[in-house]
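Everything below concerns the one structure shown next.
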Amino acid sequence: DTEVTQTPKHLVMGMTNKKSLKCEQHMGHRAMYWYKQKAKKPPELMFVYSYEKLSINESVPSRFSPECPNSSLLNLHLHALQPEDSALYLCASSQEGGTDDGYTFGSGTRLTVV
Amino acid sequence: KQEVTQIPAALSVPEGENLVLNCSFTDSAIYNLQWFRQDPGKGLTSLLLIQSSQREQTSGRLNASLDKSSGRSTLYIAASQPGDSATYLCAVIVSPTDDYKLSFGAGTTVTVRA
């Protein structure tokens, strides 16, 4: 299995809702990432988990809450989002440092906040 | 701070023409460089990963070169097809001191006209 699977593919949520994005990989990668991508811009790093521990939080607002239940799963919990949080959310994984086989990205979750 | 630049920002060619996409980076102390393809609204698909000790990688019609000393990589796509229309992103995997961070260029959007 050489894929990163993200669910759901599309999500529409109100500003008072609570929802979660899910990401799964079975490549034995020990680093997992959340990226946010706005239209016509490159992805921006949000969080990095290494060996199931949060190692990087790129000053992301607390309305985004990551969780890594085990080495194969990564969640992003969403609460009280703003319309400007509408974007494509990408999950990625890699071996430590991305030095062996690079980074593998999922197909993304298209999030719309109304 | 590593800065990655991709030129041109957009490219339109007739089918069959060869494509040349350029990527430059400011800090030559990189681990690897990875080229991705992104279709509109979709995730990133890895095309080629060049290890820092390598000078090029090839896969089918794709060839990527890396010159660390001059801070440049070039992606060549031979005999372009309409299905090659997409945005191509160059990403540099920086040294461990930056904790697994990928530095992305802004991308080159390619249109191949039938």
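FYI, nothing fancy with the structure tokens labels: chains A, B, ... in order, residues from 1 per chain, ligands from 1 as they appear.
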
For a quick test of understanding: name the residues of chain A lying within 6 Å of chain B when counting only C-alpha atoms, and present them as JSON, numbers by chain. {"A": [42, 97, 105, 106, 107, 108]}

Grab the residues selected above and save them as a PDB file, in the first residue's frame with all heavy atoms.
ATOM      1  N   PRO A  42       0.844  27.506  -3.031  1.00  0.00           N
ATOM      2  CA  PRO A  42       1.415  26.217  -2.618  1.00  0.00           C
ATOM      3  C   PRO A  42       0.902  25.812  -1.244  1.00  0.00           C
ATOM      4  O   PRO A  42       0.395  26.659  -0.492  1.00  0.00           O
ATOM      5  CB  PRO A  42       2.924  26.501  -2.586  1.00  0.00           C
ATOM      6  CG  PRO A  42       3.029  27.968  -2.346  1.00  0.00           C
ATOM      7  CD  PRO A  42       1.848  28.586  -3.033  1.00  0.00           C
ATOM      8  N   GLY A  97      12.293  12.737   8.127  1.00  0.00           N
ATOM      9  CA  GLY A  97      13.042  13.710   7.347  1.00  0.00           C
ATOM     10  C   GLY A  97      12.791  13.636   5.863  1.00  0.00           C
ATOM     11  O   GLY A  97      13.343  14.432   5.114  1.00  0.00           O
ATOM     12  N   PHE A 105       1.476  12.397  -0.475  1.00  0.00           N
ATOM     13  CA  PHE A 105       0.312  13.205  -0.114  1.00  0.00           C
ATOM     14  C   PHE A 105      -0.981  12.461  -0.417  1.00  0.00           C
ATOM     15  O   PHE A 105      -1.046  11.645  -1.350  1.00  0.00           O
ATOM     16  CB  PHE A 105       0.304  14.513  -0.904  1.00  0.00           C
ATOM     17  CG  PHE A 105       1.222  15.573  -0.356  1.00  0.00           C
ATOM     18  CD1 PHE A 105       2.578  15.526  -0.626  1.00  0.00           C
ATOM     19  CD2 PHE A 105       0.724  16.599   0.429  1.00  0.00           C
ATOM     20  CE1 PHE A 105       3.438  16.490  -0.110  1.00  0.00           C
ATOM     21  CE2 PHE A 105       1.565  17.573   0.939  1.00  0.00           C
ATOM     22  CZ  PHE A 105       2.929  17.516   0.674  1.00  0.00           C
ATOM     23  N   GLY A 106      -2.004  12.793   0.368  1.00  0.00           N
ATOM     24  CA  GLY A 106      -3.343  12.311   0.077  1.00  0.00           C
ATOM     25  C   GLY A 106      -4.032  13.193  -0.941  1.00  0.00           C
ATOM     26  O   GLY A 106      -3.465  14.192  -1.404  1.00  0.00           O
ATOM     27  N   SER A 107      -5.258  12.819  -1.267  1.00  0.00           N
ATOM     28  CA  SER A 107      -6.010  13.559  -2.283  1.00  0.00           C
ATOM     29  C   SER A 107      -6.702  14.794  -1.719  1.00  0.00           C
ATOM     30  O   SER A 107      -7.252  15.584  -2.469  1.00  0.00           O
ATOM     31  CB  SER A 107      -7.032  12.648  -2.949  1.00  0.00           C
ATOM     32  OG  SER A 107      -7.903  12.115  -1.972  1.00  0.00           O
ATOM     33  N   GLY A 108      -6.674  14.943  -0.399  1.00  0.00           N
ATOM     34  CA  GLY A 108      -7.166  16.173   0.193  1.00  0.00           C
ATOM     35  C   GLY A 108      -8.628  16.147   0.594  1.00  0.00           C
ATOM     36  O   GLY A 108      -9.413  15.319   0.116  1.00  0.00           O
TER      37      GLY A 108
END

Within 8 Å of Met46 (chain A), counting only C-alpha atoms, which residues qualify if same-chain residues fewer than 3 places away don't, as JSON, numbers by chain? {"A": [33, 34, 35, 36, 56, 57, 58, 59, 60]}

Residue selection dump (N, CA, C and O atoms) as a compact mmCIF listing (two decimals), in the first residue's frame:
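result.txt was written with the following content:
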# COMPACT_ATOMS: atom_id res chain seq x y z
N TYR A 33 1.81 14.70 8.45
CA TYR A 33 1.72 16.15 8.33
C TYR A 33 0.30 16.58 7.94
O TYR A 33 -0.38 15.89 7.20
N TRP A 34 -0.07 17.77 8.38
CA TRP A 34 -1.24 18.46 7.85
C TRP A 34 -0.77 19.74 7.16
O TRP A 34 0.03 20.50 7.72
N TYR A 35 -1.28 19.92 5.94
CA TYR A 35 -1.03 21.13 5.17
C TYR A 35 -2.37 21.77 4.82
O TYR A 35 -3.38 21.09 4.63
N LYS A 36 -2.34 23.08 4.66
CA LYS A 36 -3.50 23.85 4.20
C LYS A 36 -3.11 24.50 2.88
O LYS A 36 -2.02 25.06 2.76
N ILE A 56 5.87 19.82 15.47
CA ILE A 56 5.79 21.17 14.91
C ILE A 56 4.34 21.62 14.88
O ILE A 56 3.46 20.89 14.42
N ASN A 57 4.09 22.82 15.39
CA ASN A 57 2.82 23.51 15.25
C ASN A 57 3.17 24.88 14.70
O ASN A 57 3.80 25.69 15.37
N GLU A 58 2.79 25.12 13.45
CA GLU A 58 3.18 26.35 12.78
C GLU A 58 2.25 27.51 13.17
O GLU A 58 1.63 28.16 12.32
N SER A 59 2.12 27.74 14.48
CA SER A 59 1.31 28.86 14.98
C SER A 59 -0.10 28.82 14.43
O SER A 59 -0.67 29.84 14.03
N VAL A 60 -0.66 27.62 14.44
CA VAL A 60 -2.02 27.43 13.91
C VAL A 60 -3.04 27.78 15.01
O VAL A 60 -2.84 27.42 16.17

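A straight line drawn from CA of Cys23 (chain B) to CA of Ala10 (chain B) is 13.1 Å long.
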
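Distances to Tyr51 (chain A) were evaluated for A:Gln25, A:Glu96, A:Ala80, A:His10 using only C-alpha atoms, and the minimum falls at A:Glu96.
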
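Of the residues under consideration (B:Gly71, B:Pro8, B:Gly60, B:Gly83), B:Gly83 shows the shortest atom-to-atom contact distance to Arg37 (chain B) when counting only C-alpha atoms.
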
What are the DSSP strand (DSSP E or B) residues of region 1-113 of chain A, as an MDAnalysis selection string? chainID A and resid 4:7 10:13 18:25 31:37 44:50 53:57 64:70 73:79 87:94 103:105 109:113

Can you tell me which residues surround Asn70 (chain A) at a distance of at most 12 Å, considering only C-alpha atoms, apart from same-chain residues fewer than 6 positions away, and format the answer as a PyMOL selection string? chain A and resi 23-26+28-32+49-53
